[in-house]
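Structure data (compact mmCIF, C-alpha atoms) from run-v2.txt:
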# COMPACT_ATOMS: atom_id res chain seq x y z
CA MET A 1 0.00 0.00 0.00
CA LYS A 2 1.33 3.46 -0.89
CA ALA A 3 2.40 5.82 1.89
CA SER A 4 -0.28 8.35 0.98
CA GLN A 5 -2.96 5.66 1.12
CA ARG A 6 -1.75 4.42 4.52
CA GLU A 7 -1.77 7.97 5.85
CA GLY A 8 -5.21 8.65 4.44
CA ASN A 9 -6.62 5.49 6.03
CA ILE A 10 -5.08 6.39 9.40
CA GLN A 11 -6.34 9.95 9.31
CA ASN A 12 -9.84 9.12 8.10
CA ARG A 13 -10.45 6.18 10.42
CA GLY A 14 -13.29 7.13 12.73
CA LEU A 15 -13.08 10.82 11.84
CA THR A 16 -15.38 11.58 8.94
CA ASP A 17 -17.53 8.47 8.86
CA THR A 18 -20.79 9.99 7.69
CA LYS A 19 -21.75 11.80 4.52
CA TYR A 20 -22.78 14.75 6.65
CA ASP A 21 -19.29 15.00 8.15
CA ARG A 22 -17.62 14.71 4.74
CA TRP A 23 -19.83 17.37 3.18
CA LEU A 24 -19.26 19.66 6.16
CA LEU A 25 -15.51 19.32 5.64
CA VAL A 26 -15.88 19.99 1.91
CA LEU A 27 -17.94 23.12 2.62
CA GLY A 28 -15.33 24.26 5.12
CA ILE A 29 -12.61 23.94 2.49
CA VAL A 30 -14.74 25.71 -0.14
CA PHE A 31 -15.47 28.68 2.13
CA ILE A 32 -11.85 28.99 3.26
CA ALA A 33 -10.72 28.91 -0.37
CA ALA A 34 -13.31 31.55 -1.29
CA ALA A 35 -11.98 33.83 1.45
CA LEU A 36 -8.34 33.61 0.36
CA ARG A 37 -8.32 35.71 -2.81
CA ALA A 38 -11.32 38.07 -2.64
CA PRO A 39 -9.88 40.33 0.12
CA PHE A 40 -6.80 40.71 -2.08
CA THR A 41 -8.27 41.07 -5.58
CA SER A 42 -11.02 43.45 -4.44
CA VAL A 43 -8.40 46.11 -3.66
CA GLY A 44 -6.91 46.64 -7.12
CA PRO A 45 -9.95 48.31 -8.74
CA LEU A 46 -10.35 50.56 -5.66
CA VAL A 47 -6.74 51.75 -5.33
CA GLN A 48 -7.37 55.11 -7.00
CA MET A 49 -10.39 55.73 -4.76
CA ILE A 50 -8.38 54.79 -1.64
CA GLN A 51 -5.50 56.97 -2.77
CA ASP A 52 -7.71 60.01 -3.32
CA ASP A 53 -9.47 59.58 0.04
CA LEU A 54 -6.35 59.08 2.18
CA GLY A 55 -3.94 61.20 0.13
CA LEU A 56 -1.54 58.31 -0.44
CA SER A 57 1.50 58.60 -2.65
CA ASN A 58 1.89 56.24 -5.59
CA THR A 59 4.47 54.28 -3.60
CA LEU A 60 2.12 53.75 -0.64
CA ALA A 61 -0.76 52.96 -2.97
CA GLY A 62 1.35 50.27 -4.63
CA ALA A 63 2.25 48.87 -1.22
CA ILE A 64 -1.42 48.04 -0.58
CA THR A 65 -1.19 45.22 -3.12
CA THR A 66 2.51 44.38 -2.59
CA LEU A 67 2.30 44.00 1.21
CA PRO A 68 0.16 40.81 1.14
CA LEU A 69 2.56 39.20 -1.36
CA LEU A 70 5.48 39.94 0.95
CA ALA A 71 3.49 38.55 3.88
CA PHE A 72 2.92 35.36 1.88
CA ALA A 73 6.66 35.08 1.25
CA ILE A 74 7.66 35.71 4.89
CA LEU A 75 5.25 33.40 6.72
CA SER A 76 4.79 30.55 4.22
CA PRO A 77 7.88 28.54 5.33
CA PHE A 78 6.75 28.66 8.97
CA ALA A 79 3.12 27.57 8.48
CA PRO A 80 3.95 23.80 8.43
CA LYS A 81 5.89 24.18 11.69
CA LEU A 82 2.92 25.93 13.31
CA ALA A 83 0.62 23.10 12.15
CA ARG A 84 3.00 20.45 13.47
CA ARG A 85 3.18 22.14 16.88
CA PHE A 86 -0.39 23.31 17.43
CA GLY A 87 -2.41 21.10 15.08
CA LEU A 88 -3.49 21.79 11.52
CA ALA A 89 -7.17 22.33 12.35
CA ASN A 90 -6.33 24.75 15.19
CA VAL A 91 -3.96 26.81 13.07
CA LEU A 92 -6.46 27.05 10.21
CA LEU A 93 -9.19 28.22 12.61
CA ILE A 94 -6.95 30.89 14.14
CA ALA A 95 -5.89 32.01 10.65
CA MET A 96 -9.53 32.44 9.58
CA VAL A 97 -10.37 34.42 12.74
CA MET A 98 -7.36 36.66 12.12
CA LEU A 99 -8.35 37.05 8.46
CA ALA A 100 -11.81 38.26 9.47
CA MET A 101 -10.27 40.68 11.97
CA GLY A 102 -7.77 41.92 9.39
CA ILE A 103 -10.55 42.68 6.91
CA LEU A 104 -12.42 44.76 9.48
CA ILE A 105 -9.29 46.58 10.67
CA ARG A 106 -8.31 47.39 7.08
CA SER A 107 -11.72 48.97 6.52
CA GLY A 108 -11.35 51.30 9.50
CA SER A 109 -10.46 54.97 9.47
CA GLY A 110 -6.92 56.06 8.71
CA THR A 111 -3.83 54.95 6.82
CA GLY A 112 -2.39 53.13 9.82
CA LEU A 113 -5.38 50.80 10.11
CA LEU A 114 -5.40 50.24 6.35
CA PHE A 115 -1.85 48.87 6.36
CA THR A 116 -2.17 47.08 9.71
CA GLY A 117 -5.24 45.22 8.53
CA THR A 118 -3.63 44.48 5.18
CA ALA A 119 -0.60 42.94 6.91
CA ILE A 120 -2.79 40.82 9.21
CA LEU A 121 -4.93 39.44 6.40
CA GLY A 122 -1.81 38.80 4.28
CA LEU A 123 -0.25 36.69 7.04
CA SER A 124 -3.52 34.84 7.61
CA ILE A 125 -3.96 34.04 3.92
CA ALA A 126 -0.36 32.80 3.77
CA VAL A 127 -1.06 30.17 6.44
CA CYS A 128 -4.18 28.90 4.68
CA ASN A 129 -2.49 28.91 1.26
CA VAL A 130 0.21 26.58 2.57
CA LEU A 131 -1.85 24.22 4.73
CA LEU A 132 -4.90 23.54 2.56
CA PRO A 133 -3.07 21.40 -0.06
CA GLY A 134 -1.69 19.22 2.73
CA LEU A 135 -5.12 18.94 4.33
CA ILE A 136 -6.62 17.81 1.03
CA LYS A 137 -3.89 15.21 0.59
CA GLY A 138 -4.45 13.84 4.09
CA LYS A 139 -8.25 13.82 4.16
CA PHE A 140 -9.01 12.95 0.51
CA PRO A 141 -6.14 10.65 -0.53
CA HIS A 142 -8.20 9.03 -3.31
CA LYS A 143 -9.80 12.27 -4.55
CA ILE A 144 -6.87 14.67 -4.50
CA GLY A 145 -7.48 15.86 -8.07
CA LEU A 146 -11.20 16.47 -7.55
CA MET A 147 -10.78 18.30 -4.25
CA THR A 148 -7.85 20.35 -5.54
CA GLY A 149 -10.04 21.37 -8.48
CA VAL A 150 -12.89 22.35 -6.16
CA TYR A 151 -10.48 24.32 -3.97
CA THR A 152 -8.83 26.21 -6.84
CA VAL A 153 -12.11 27.01 -8.63
CA SER A 154 -13.68 28.34 -5.42
CA MET A 155 -10.64 30.52 -4.80
CA ASN A 156 -10.33 31.89 -8.34
CA LEU A 157 -14.06 32.32 -8.98
CA CYS A 158 -14.51 34.40 -5.85
CA ALA A 159 -11.40 36.38 -6.79
CA ALA A 160 -12.82 37.17 -10.23
CA VAL A 161 -16.19 38.17 -8.76
CA ALA A 162 -14.49 40.43 -6.22
CA SER A 163 -12.56 42.21 -8.96
CA GLY A 164 -15.71 42.74 -11.00
CA ILE A 165 -18.10 44.04 -8.33
CA SER A 166 -15.78 46.23 -6.25
CA VAL A 167 -16.22 49.44 -8.25
CA PRO A 168 -20.01 49.07 -8.74
CA LEU A 169 -20.48 48.43 -5.02
CA ALA A 170 -18.27 51.34 -4.02
CA SER A 171 -19.51 53.88 -6.57
CA HIS A 172 -23.06 52.94 -7.49
CA ALA A 173 -24.36 51.02 -4.47
CA GLY A 174 -23.03 53.65 -2.07
CA PHE A 175 -20.79 51.37 0.01
CA GLY A 176 -17.64 53.42 -0.56
CA TRP A 177 -14.27 51.71 -0.60
CA ARG A 178 -14.36 50.94 3.12
CA GLY A 179 -17.77 49.27 2.99
CA THR A 180 -16.85 47.35 -0.13
CA LEU A 181 -13.68 45.93 1.43
CA ALA A 182 -15.55 45.14 4.66
CA ILE A 183 -18.10 42.98 2.80
CA TRP A 184 -15.55 40.18 2.52
CA PHE A 185 -15.65 39.82 6.30
CA MET A 186 -18.86 37.85 5.76
CA ILE A 187 -17.06 35.18 3.70
CA ALA A 188 -14.28 34.88 6.29
CA ALA A 189 -16.84 34.67 9.09
CA LEU A 190 -18.78 31.93 7.29
CA ALA A 191 -15.55 30.02 6.70
CA THR A 192 -14.78 30.26 10.41
CA LEU A 193 -18.23 29.00 11.39
CA PHE A 194 -18.03 26.06 9.00
CA TRP A 195 -14.57 25.21 10.30
CA ILE A 196 -15.44 25.10 14.02
CA PRO A 197 -17.14 21.64 13.76
CA GLN A 198 -13.89 20.23 12.30
CA MET A 199 -11.95 20.85 15.51
CA ARG A 200 -12.97 17.53 17.08
CA LYS A 201 -13.06 15.55 13.84
CA LEU A 202 -9.75 16.32 12.16
CA ASP A 203 -6.62 14.49 13.16
CA GLN A 204 -4.32 17.05 14.71
CA GLY A 205 -1.15 15.21 13.74
CA THR A 206 0.09 16.21 10.33
CA GLY A 207 3.34 14.34 10.17
CA ALA A 208 3.94 10.83 8.88
CA LYS A 209 6.61 8.25 9.34
CA GLY A 210 9.27 8.68 6.71
CA SER A 211 8.61 12.38 6.07
CA ILE A 212 11.70 14.33 5.18
CA SER A 213 12.60 17.36 7.28
CA SER A 214 12.07 20.91 6.14
CA GLY A 215 15.85 21.35 5.93
CA ASN A 216 16.15 18.42 3.54
CA MET A 217 13.19 19.79 1.54
CA TRP A 218 15.22 22.90 0.74
CA ARG A 219 18.07 20.67 -0.46
CA SER A 220 15.86 18.62 -2.77
CA SER A 221 16.34 19.32 -6.49
CA LEU A 222 12.77 18.18 -7.20
CA ALA A 223 11.41 20.53 -4.53
CA TRP A 224 13.31 23.39 -6.15
CA LYS A 225 11.85 22.55 -9.55
CA VAL A 226 8.34 22.69 -8.09
CA THR A 227 9.27 25.91 -6.28
CA ILE A 228 10.61 27.63 -9.40
CA PHE A 229 7.54 26.46 -11.36
CA MET A 230 5.34 28.02 -8.68
CA GLY A 231 7.33 31.25 -8.77
CA LEU A 232 7.30 31.59 -12.55
CA GLN A 233 3.56 31.00 -12.92
CA SER A 234 2.96 33.56 -10.14
CA LEU A 235 5.26 36.06 -11.85
CA LEU A 236 3.50 35.63 -15.20
CA TYR A 237 0.06 36.03 -13.62
CA TYR A 238 0.80 39.13 -11.54
CA VAL A 239 2.73 40.86 -14.33
CA PHE A 240 -0.23 40.32 -16.63
CA ILE A 241 -2.70 41.59 -14.01
CA ALA A 242 -0.60 44.69 -13.37
CA TRP A 243 0.43 45.68 -16.90
CA PHE A 244 -1.87 44.19 -19.54
CA SER A 245 -4.39 47.04 -19.40
CA VAL A 246 -1.59 49.63 -19.48
CA LEU A 247 0.01 47.95 -22.51
CA LEU A 248 -3.29 47.92 -24.36
CA GLY A 249 -3.98 51.52 -23.43
CA GLU A 250 -0.68 52.64 -24.96
CA ARG A 251 -1.71 50.83 -28.14
CA GLY A 252 -4.84 52.97 -28.34
CA MET A 253 -7.40 50.63 -26.75
CA SER A 254 -10.02 52.13 -24.44
CA SER A 255 -9.81 51.38 -20.72
CA SER A 256 -13.21 49.65 -20.77
CA HIS A 257 -12.16 47.35 -23.63
CA ALA A 258 -8.84 46.61 -21.90
CA GLY A 259 -10.68 45.81 -18.67
CA TRP A 260 -13.02 43.47 -20.52
CA LEU A 261 -10.04 41.60 -21.99
CA LEU A 262 -8.46 41.30 -18.55
CA SER A 263 -11.70 39.84 -17.20
CA LEU A 264 -11.86 37.50 -20.19
CA MET A 265 -8.38 36.23 -19.37
CA GLN A 266 -9.35 35.51 -15.76
CA MET A 267 -12.59 33.78 -16.75
CA ALA A 268 -10.78 31.66 -19.37
CA GLN A 269 -8.57 30.11 -16.71
CA LEU A 270 -11.39 29.07 -14.38
CA PRO A 271 -12.52 25.80 -16.04
CA PHE A 272 -8.93 24.61 -16.29
CA THR A 273 -8.14 25.23 -12.63
CA PHE A 274 -10.78 22.52 -12.05
CA PHE A 275 -10.10 20.05 -14.86
CA VAL A 276 -6.27 20.12 -14.88
CA PRO A 277 -5.99 18.72 -11.31
CA LEU A 278 -8.40 15.92 -12.32
CA TRP A 279 -6.32 15.09 -15.40
CA ALA A 280 -3.03 15.38 -13.50
CA GLY A 281 -4.19 13.01 -10.78
CA ARG A 282 -4.92 10.28 -13.33
CA MET A 283 -1.53 10.48 -15.06
CA LYS A 284 1.68 8.66 -14.18
CA ASN A 285 3.53 11.90 -14.88
CA GLN A 286 2.33 15.36 -15.86
CA ARG A 287 4.91 16.34 -18.48
CA ILE A 288 2.42 16.54 -21.36
CA LEU A 289 0.36 19.03 -19.33
CA VAL A 290 3.50 21.08 -18.71
CA ILE A 291 4.23 21.13 -22.46
CA ILE A 292 0.67 22.25 -23.24
CA THR A 293 1.01 24.99 -20.61
CA ALA A 294 4.22 26.32 -22.14
CA ILE A 295 2.82 26.25 -25.68
CA LEU A 296 -0.22 28.25 -24.59
CA TYR A 297 2.01 30.80 -22.85
CA PHE A 298 4.13 31.11 -26.02
CA ILE A 299 1.03 31.67 -28.16
CA GLY A 300 -0.51 34.18 -25.74
CA ILE A 301 2.63 36.24 -25.09
CA GLY A 302 3.84 35.99 -28.70
CA GLY A 303 0.44 37.09 -29.95
CA ILE A 304 0.38 40.10 -27.62
CA TRP A 305 3.87 41.03 -28.83
CA LEU A 306 3.71 40.33 -32.56
CA GLY A 307 0.14 39.33 -33.36
CA SER A 308 -2.80 41.33 -34.61
CA SER A 309 -4.52 43.65 -32.16
CA ALA A 310 -7.82 42.48 -33.66
CA LEU A 311 -7.08 39.04 -32.20
CA MET A 312 -6.16 40.34 -28.74
CA ALA A 313 -9.07 38.42 -27.21
CA VAL A 314 -7.56 35.19 -28.58
CA TRP A 315 -4.16 35.98 -27.07
CA ALA A 316 -5.77 36.84 -23.72
CA ILE A 317 -7.72 33.57 -23.72
CA CYS A 318 -4.58 31.56 -24.53
CA PHE A 319 -2.72 33.28 -21.69
CA GLY A 320 -5.64 32.68 -19.34
CA ILE A 321 -5.88 28.97 -20.19
CA ALA A 322 -2.12 28.65 -19.72
CA GLY A 323 -2.47 30.26 -16.29
CA GLY A 324 -5.25 27.83 -15.40
CA PHE A 325 -3.07 24.90 -16.43
CA ALA A 326 -0.05 26.21 -14.50
CA PHE A 327 -1.96 26.99 -11.30
CA GLY A 328 -3.82 23.67 -11.33
CA LEU A 329 -0.57 21.80 -11.93
CA VAL A 330 1.43 23.43 -9.17
CA MET A 331 -1.36 22.85 -6.64
CA MET A 332 -1.26 19.15 -7.59
CA PHE A 333 2.54 19.00 -7.47
CA PHE A 334 2.37 19.72 -3.73
CA SER A 335 0.46 16.45 -3.27
CA LEU A 336 1.77 14.29 -6.13
CA ARG A 337 5.46 14.89 -5.39
CA THR A 338 5.15 14.15 -1.64
CA ARG A 339 4.30 11.10 0.49
CA SER A 340 2.61 12.69 3.49
CA THR A 341 0.50 15.61 4.66
CA GLN A 342 3.50 17.16 6.42
CA GLU A 343 5.70 16.86 3.34
CA ALA A 344 2.96 18.44 1.22
CA ALA A 345 2.74 21.34 3.66
CA GLU A 346 6.54 21.75 3.74
CA LEU A 347 6.76 21.76 -0.06
CA SER A 348 3.82 24.15 -0.31
CA GLY A 349 5.45 26.50 2.21
CA MET A 350 8.79 26.46 0.41
CA ALA A 351 7.26 26.95 -3.04
CA GLN A 352 4.92 29.74 -1.99
CA SER A 353 7.61 31.59 -0.04
CA VAL A 354 9.93 31.83 -3.05
CA GLY A 355 7.03 32.08 -5.49
CA TYR A 356 5.52 35.18 -3.97
CA VAL A 357 8.91 36.89 -3.77
CA LEU A 358 9.13 36.45 -7.54
CA ALA A 359 5.50 37.55 -7.88
CA ALA A 360 6.23 40.74 -5.95
CA MET A 361 9.35 41.46 -8.03
CA GLY A 362 7.84 40.64 -11.44
CA PRO A 363 5.60 43.69 -12.05
CA ALA A 364 8.33 46.08 -10.90
CA LEU A 365 10.95 44.46 -13.16
CA PHE A 366 8.54 44.44 -16.10
CA GLY A 367 7.79 48.14 -15.59
CA TRP A 368 11.48 49.01 -15.16
CA LEU A 369 12.36 47.33 -18.47
CA HIS A 370 9.60 49.30 -20.15
CA ASP A 371 10.87 52.57 -18.67
CA VAL A 372 14.49 51.85 -19.64
CA THR A 373 13.77 50.75 -23.21
CA ASN A 374 10.65 52.87 -23.80
CA SER A 375 9.21 49.80 -25.48
CA TRP A 376 7.20 46.69 -24.64
CA THR A 377 9.57 44.43 -26.59
CA MET A 378 12.09 43.61 -23.84
CA PRO A 379 9.44 43.19 -21.13
CA LEU A 380 7.55 40.71 -23.34
CA VAL A 381 10.80 38.92 -24.20
CA LEU A 382 11.29 38.58 -20.45
CA LEU A 383 7.92 36.82 -20.19
CA LEU A 384 8.79 34.51 -23.07
CA GLY A 385 12.05 33.67 -21.31
CA ALA A 386 10.12 32.94 -18.12
CA SER A 387 7.86 30.61 -20.13
CA VAL A 388 10.87 28.71 -21.49
CA LEU A 389 12.28 28.30 -17.97
CA LEU A 390 8.84 27.22 -16.74
CA LEU A 391 8.86 24.47 -19.39
CA VAL A 392 12.34 23.28 -18.34
CA VAL A 393 11.63 23.08 -14.60
CA GLY A 394 8.08 21.86 -15.23
CA LEU A 395 9.32 18.79 -17.08
CA GLY A 396 11.30 17.91 -13.96
CA ALA A 397 8.49 18.80 -11.56
CA GLY A 398 6.11 16.65 -13.61
CA SER A 399 8.24 13.51 -13.34
CA ASP A 400 6.94 10.45 -11.49
CA ARG A 401 8.91 10.65 -8.25
CA TYR A 402 8.87 12.10 -4.72
CA VAL A 403 10.89 14.83 -3.05
CA GLY A 404 12.58 12.32 -0.75
CA ASP A 405 13.78 10.03 -3.55
CA ARG A 406 17.55 9.76 -3.98
CA ARG A 407 17.71 10.02 -7.76
Can the structure in the file be given as structure tokens, please?
Amino acid sequence: MKASQREGNIQNRGLTDTKYDRWLLVLGIVFIAAALRAPFTSVGPLVQMIQDDLGLSNTLAGAITTLPLLAFAILSPFAPKLARRFGLANVLLIAMVMLAMGILIRSGSGTGLLFTGTAILGLSIAVCNVLLPGLIKGKFPHKIGLMTGVYTVSMNLCAAVASGISVPLASHAGFGWRGTLAIWFMIAALATLFWIPQMRKLDQGTGAKGSISSGNMWRSSLAWKVTIFMGLQSLLYYVFIAWFSVLLGERGMSSSHAGWLLSLMQMAQLPFTFFVPLWAGRMKNQRILVIITAILYFIGIGGIWLGSSALMAVWAICFGIAGGFAFGLVMMFFSLRTRSTQEAAELSGMAQSVGYVLAAMGPALFGWLHDVTNSWTMPLVLLLGASVLLLVVGLGAGSDRYVGDRR
């Protein structure tokens, strides 16, 4: 019997015996996932409104979106250690309570509360980001692909909705930016309520016999391939989110049309964040999915650079599908390349720590290249280079082996 199957049997024995218990756990995961992106993506469309109200400089305004990424990078490596010491279920509950508090604090009066709340919710999201893949591996060992798909779709769908409704709620519904940001407290509160019943049902031990230590994880070449894959797909996504509309605007496209294309890109990735984990879980290795991902990135980025502006929707869709493939794959790599819940959490923490450092650096580097060259050519060449590197490390990350293997 495989290690993951043994662990799953041990963890599930006598814990979630009824359909009611299993569905309650699934709902808990869905609501936590829904709460992880919306508080972050709802800010972007409101930055100008926040800046005008509080008199923030461009640097401070940019920090509103950069601060959570830095929080992800700082705390991610420590989340598995917290789960090992205090119990995975306990740490997730505390993280959700802190997330709800952070959302309310951020919506208070004054610049200090804005950044304090942003830091708190960033740290809380980091913990959940790292621990949920390990939880899914431990509690659903035979349905990892399905549950990873449910988790990623819930997270990304709520993120897309938050981006789309923030401005209408703030401007037309009369909520203002503070009320609009505070709305996401309800999702965090619901996630907390659904998670409370899990405290007596979930196994608090997250380790497993034979798990490699976190120190050895950082010395694993396979772990580094997964980590770099995570970082590159994050970099590509956040660069696109930050600069695609600006690029199109400089080419004469209206802001409304550019915004529609950005939304189209995000919607295009949603189905594949669900289906790719299902496909990946049924394959001996995932290299063909990595190749498809890279090809789609090449088409999307190459089309934006050299293709017809009339086909910009096609290039945006290709980029979006590639992002869906990449995100679904890396979420599965955390489970498929590890033997235990603790290993999955350690790999997730390592990958997300480095990944979000790259994500935070990517938009700035892309913008700097544009400023230096006064052209979009070199920045887009940078993205093509990142896609090539993603293909190289992805072929290794998609191989049929585990992080502890000596080969």
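When the distance limit is 10 Å and all atoms listed in the file are what count, the residues near Thr118 (chain A), minus those fewer than 5 positions from it on the same chain, are Pro39, Phe40, Ala63, Ile64, Thr65, Thr66, Leu67, Pro68, Ala71, Leu99, Gly102, Ile103, Leu104, Ile105, Arg106, Ser107, Gly112, Leu113, Leu123 and Ser124 of chain A.
Of note, CA of Pro168 (chain A) and CA of Gly323 (chain A) are spaced 26.8 Å apart.
For the set A:Leu25, A:Ala182, A:Leu358, A:Ala280, the residue with the smallest atom-to-atom gap to Lys139 (chain A) is A:Leu25, counting all atoms listed in the file.
Here CA of Met155 (chain A) stands at a distance of 21.9 Å from CA of Ile228 (chain A).
Among A:Trp195, A:Tyr297, A:Phe72, A:Phe175, the residue with the shortest atom-to-atom distance to Asn90 (chain A), counting all atoms listed in the file, is A:Trp195.
Shortest atom-to-atom contact with Ala162 (chain A) among A:Leu60, A:Ala242, A:Leu46, A:Leu390: A:Leu46, counting all atoms listed in the file.
Candidate residues A:Phe334, A:Trp315, A:Phe274, A:Ser308 were compared for distance to Leu146 (chain A), and the nearest is A:Phe274, using all atoms listed in the file.
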So, counting all atoms listed in the file, which residue among A:Val388, A:Leu270, A:Ile144, A:Ile299 is closest to Phe333 (chain A)?
A:Ile144
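For the choices A:Gly385, A:Gly394, A:Gly300, A:Gly404, the atom-to-atom distance to Met230 (chain A) is smallest for A:Gly394 when using all atoms listed in the file.
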Could you put an axis-aligned box around every listed atom of region 191-200 of chain A, padded by 5 Å on each side, and send me its centre and edge lengths in Å to one decimal, as lines of an AutoDock Vina configuration file?
center_x = -15.1
center_y = 23.9
center_z = 11.9
size_x = 16.3
size_y = 22.7
size_z = 20.4
Point-to-point distance in Å for CA of Ala326 (chain A) and CA of Val276 (chain A)
8.7 Å
At a cut-off of 9 Å, can you tabulate as CSV every residue of region 120-166 of chain A near region 342-350 of chain A together with its closest atom pair and the distance in Å to one decimal, using only C-alpha atoms and ordering rows by chain then number?
residue,atom,partner,partner_atom,distance
A:Ala126,CA,A:Gly349,CA,8.7
A:Val127,CA,A:Gly349,CA,8.6
A:Asn129,CA,A:Ser348,CA,8.1
A:Val130,CA,A:Ser348,CA,5.2
A:Leu131,CA,A:Ala345,CA,5.5
A:Leu132,CA,A:Ala345,CA,8.0
A:Pro133,CA,A:Ala344,CA,6.8
A:Gly134,CA,A:Ala344,CA,5.0
A:Leu135,CA,A:Ala345,CA,8.2
A:Lys137,CA,A:Ala344,CA,7.6
A:Gly138,CA,A:Gln342,CA,8.9
Residues at most 12 Å from Phe185 (chain A), counting only C-alpha atoms, excluding those fewer than 2 positions away in the same chain, as a VMD selection string?
chain A and resid 31 to 32 34 to 36 38 to 39 96 to 107 117 121 178 to 183 187 to 192
Pick out the residues sitting within 12 Å of Val246 (chain A), and hand them over as a compact mmCIF listing (two decimals) with C-alpha atoms, keeping the file's coordinate frame; count only C-alpha atoms, and ignore anything fewer than 3 positions along from it in its own chain.
# COMPACT_ATOMS: atom_id res chain seq x y z
CA VAL A 239 2.73 40.86 -14.33
CA PHE A 240 -0.23 40.32 -16.63
CA ILE A 241 -2.70 41.59 -14.01
CA ALA A 242 -0.60 44.69 -13.37
CA TRP A 243 0.43 45.68 -16.90
CA GLY A 249 -3.98 51.52 -23.43
CA GLU A 250 -0.68 52.64 -24.96
CA ARG A 251 -1.71 50.83 -28.14
CA GLY A 252 -4.84 52.97 -28.34
CA MET A 253 -7.40 50.63 -26.75
CA SER A 254 -10.02 52.13 -24.44
CA SER A 255 -9.81 51.38 -20.72
CA SER A 256 -13.21 49.65 -20.77
CA HIS A 257 -12.16 47.35 -23.63
CA ALA A 258 -8.84 46.61 -21.90
CA GLY A 259 -10.68 45.81 -18.67
CA LEU A 261 -10.04 41.60 -21.99
CA LEU A 262 -8.46 41.30 -18.55
CA PRO A 363 5.60 43.69 -12.05
CA PHE A 366 8.54 44.44 -16.10
CA GLY A 367 7.79 48.14 -15.59
CA HIS A 370 9.60 49.30 -20.15
CA TRP A 376 7.20 46.69 -24.64
